[in-house]
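First up is the structure itself, then whatever we jot down about it.
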Amino acid sequence: MSHFSTLRTKISDAEILKSSLRDLGIGVKNNADVRGYNGQRVRADIVATLEGEYDLGWSRNADGSFDLIADLWGVAKKHNQTELINSINQKYAVNKTLAEVKRPGLQNANVKLVVQK
């Protein structure tokens, strides 16, 4: 029986996801195995290699979005999974916004970015 859960996300930009993980000090692998309970593994497009025996992975859907794949019970043994996933989503949102603001045509827009903590 698999212990992996699959969660729908709003993440759609692989490069911004990878840079966001690196910004948080998390190792990143492409097309790698997500480690789970008792040595179980599942393949994912992007893998965040976490401290301990468990990882987070993201697999691209047909619509271009990514699903998060993880053995959440295992991740929770060493990490506060809610805080970890929220920090990844938050960093992704900030990096995605900054990338959008830098797109041609928006450089001269009067944009003020306010980040609340």
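Identifiers in this document derive from the order of the structure tokens: chains are assigned A, B, ..., residues are numbered from 1 separately in each chain, and ligands are numbered from 1 in order of occurrence.
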
Considering only C-alpha atoms, return as a PDB file with C-alpha atoms, in the first residue's frame whatever protein or nucleic-acid residues lie within 8 Å of Ser59 (chain A), sequence-local ones (same chain, fewer than 5 positions apart) excluded.
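The new file result-v3.pdb reads:
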```pdb
ATOM      1  CA  ALA A  44       8.351  13.214 -10.023  1.00  0.00           C
ATOM      2  CA  ASP A  45       9.401  16.002 -12.381  1.00  0.00           C
ATOM      3  CA  ILE A  46      10.852  18.132  -9.558  1.00  0.00           C
ATOM      4  CA  PHE A  66       1.843  20.702 -10.804  1.00  0.00           C
ATOM      5  CA  ASP A  67       0.592  18.252  -8.190  1.00  0.00           C
ATOM      6  CA  LEU A  68       2.528  17.908  -4.946  1.00  0.00           C
ATOM      7  CA  ILE A  69       3.392  14.275  -4.175  1.00  0.00           C
TER       8      ILE A  69
END
```

For this session: Name the residues of chain A that fall into helix (DSSP H, G or I) according to DSSP on the backbone, using the chain letters and numbers of this document, as an MDAnalysis selection string.
Result: chainID A and resid 14:23 37:39 72:78 81:101

Problem set entry | Who sits within 8 Å of Lys10 (chain A), only C-alpha atoms, same chain under 2 positions skipped, as a ChimeraX atom specification | /A:8,12,65-66

For this session: Point out the residue among A:Thr49, A:Thr82, A:Gln40, A:Asn30 with the least atom-to-atom distance to Glu15 (chain A), counting only C-alpha atoms.
Result: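 Of A:Thr49, A:Thr82, A:Gln40, A:Asn30, the one nearest Glu15 (chain A), counting only C-alpha atoms, is A:Asn30.
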
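Close contacts of region 74-81 of chain A, defined as residues with an atom at most 10 Å away when counting only C-alpha atoms, with chain neighbours fewer than 2 positions off set aside, comprise His3, Phe4, Arg35, Gly36, Tyr37, Asn38, Leu50, Glu51, Gly52, Glu53, Tyr54, Asp55, Leu56, Ala70, Asp71, Leu72, Glu83, Leu84, Ile85, Asn86 and Ser87 of chain A.
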
Could you save the residues just selected, with N, CA and C atoms, as an mmCIF file, in the first residue's frame?
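What follows is the written file part-v6.cif:
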```cif
data_model
loop_
_atom_site.group_PDB
_atom_site.id
_atom_site.type_symbol
_atom_site.label_atom_id
_atom_site.label_comp_id
_atom_site.auth_asym_id
_atom_site.auth_seq_id
_atom_site.Cartn_x
_atom_site.Cartn_y
_atom_site.Cartn_z
ATOM 1 N N HIS A 3 1.966 5.079 0.657
ATOM 2 C CA HIS A 3 1.722 6.112 1.660
ATOM 3 C C HIS A 3 1.777 7.509 1.051
ATOM 4 N N PHE A 4 1.891 7.589 -0.272
ATOM 5 C CA PHE A 4 2.020 8.884 -0.930
ATOM 6 C C PHE A 4 0.659 9.547 -1.109
ATOM 7 N N ARG A 35 11.311 10.091 -2.055
ATOM 8 C CA ARG A 35 11.465 9.029 -1.053
ATOM 9 C C ARG A 35 10.276 9.029 -0.094
ATOM 10 N N GLY A 36 9.785 7.827 0.207
ATOM 11 C CA GLY A 36 8.656 7.668 1.112
ATOM 12 C C GLY A 36 8.884 6.546 2.107
ATOM 13 N N TYR A 37 7.815 6.144 2.746
ATOM 14 C CA TYR A 37 7.838 5.144 3.808
ATOM 15 C C TYR A 37 8.467 3.832 3.349
ATOM 16 N N ASN A 38 9.340 3.297 4.208
ATOM 17 C CA ASN A 38 9.896 1.957 4.022
ATOM 18 C C ASN A 38 10.576 1.792 2.664
ATOM 19 N N LEU A 50 14.692 16.705 1.142
ATOM 20 C CA LEU A 50 14.590 17.195 2.513
ATOM 21 C C LEU A 50 15.556 16.451 3.428
ATOM 22 N N GLU A 51 15.863 17.079 4.540
ATOM 23 C CA GLU A 51 16.645 16.420 5.582
ATOM 24 C C GLU A 51 15.817 15.240 6.094
ATOM 25 N N GLY A 52 16.450 14.109 6.278
ATOM 26 C CA GLY A 52 15.723 12.917 6.712
ATOM 27 C C GLY A 52 15.517 11.962 5.555
ATOM 28 N N GLU A 53 14.509 11.099 5.689
ATOM 29 C CA GLU A 53 14.298 10.015 4.728
ATOM 30 C C GLU A 53 13.149 10.251 3.759
ATOM 31 N N TYR A 54 12.572 11.453 3.776
ATOM 32 C CA TYR A 54 11.385 11.733 2.961
ATOM 33 C C TYR A 54 11.602 12.995 2.140
ATOM 34 N N ASP A 55 10.936 13.064 0.975
ATOM 35 C CA ASP A 55 11.059 14.212 0.076
ATOM 36 C C ASP A 55 9.677 14.741 -0.291
ATOM 37 N N LEU A 56 9.685 15.894 -0.949
ATOM 38 C CA LEU A 56 8.491 16.431 -1.603
ATOM 39 C C LEU A 56 8.736 16.375 -3.106
ATOM 40 N N ALA A 70 3.827 13.502 -1.922
ATOM 41 C CA ALA A 70 4.678 13.286 -0.758
ATOM 42 C C ALA A 70 4.056 12.270 0.182
ATOM 43 N N ASP A 71 4.907 11.639 0.949
ATOM 44 C CA ASP A 71 4.474 10.832 2.079
ATOM 45 C C ASP A 71 4.387 11.827 3.236
ATOM 46 N N LEU A 72 3.223 12.444 3.395
ATOM 47 C CA LEU A 72 3.075 13.557 4.343
ATOM 48 C C LEU A 72 3.315 13.115 5.785
ATOM 49 N N GLU A 83 3.951 24.354 7.787
ATOM 50 C CA GLU A 83 4.869 25.494 7.664
ATOM 51 C C GLU A 83 5.766 25.334 6.443
ATOM 52 N N LEU A 84 6.268 24.130 6.216
ATOM 53 C CA LEU A 84 7.167 23.875 5.091
ATOM 54 C C LEU A 84 6.462 24.145 3.758
ATOM 55 N N ILE A 85 5.282 23.568 3.577
ATOM 56 C CA ILE A 85 4.551 23.741 2.320
ATOM 57 C C ILE A 85 4.106 25.197 2.160
ATOM 58 N N ASN A 86 3.665 25.823 3.251
ATOM 59 C CA ASN A 86 3.280 27.239 3.171
ATOM 60 C C ASN A 86 4.470 28.114 2.792
ATOM 61 N N SER A 87 5.646 27.842 3.350
ATOM 62 C CA SER A 87 6.816 28.664 3.029
ATOM 63 C C SER A 87 7.221 28.485 1.562
#
```

Exercise. With distances taken over only C-alpha atoms, which of A:Ser2, A:Thr9, A:Ser19, A:Asn61 is nearest to Gly39 (chain A)?
Worked result: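 That would be A:Ser2, the residue with the smallest distance to Gly39 (chain A).
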
Problem set entry | Backbone DSSP call of strand (DSSP E or B) for chain A, listed as a ChimeraX atom specification | /A:5-8,27-35,41-49,55-60,66-70

Exercise. Rounded to one decimal in Å, what is the spacing between CA of Ile26 (chain A) and CA of Ile11 (chain A)?
Worked result: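 Interatomic distance here is 17.0 Å.
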
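The space separating CA of Lys29 (chain A) from CA of Val47 (chain A) comes to 5.1 Å.
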
For this session: One decimal, Å: what's the distance from CA of Arg60 (chain A) over to CA of Pro104 (chain A), could you say?
Result: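 These atoms are spaced 26.7 Å apart.
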
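Candidate residues A:Arg103, A:Trp58, A:Arg41, A:Gln90 were compared for distance to Val28 (chain A), and the nearest is A:Trp58, using only C-alpha atoms.
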
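Residue nearest Asp33 (chain A), chosen from A:Leu21, A:Ala48, A:Leu7, A:Ala14 and counting only C-alpha atoms: A:Ala48.
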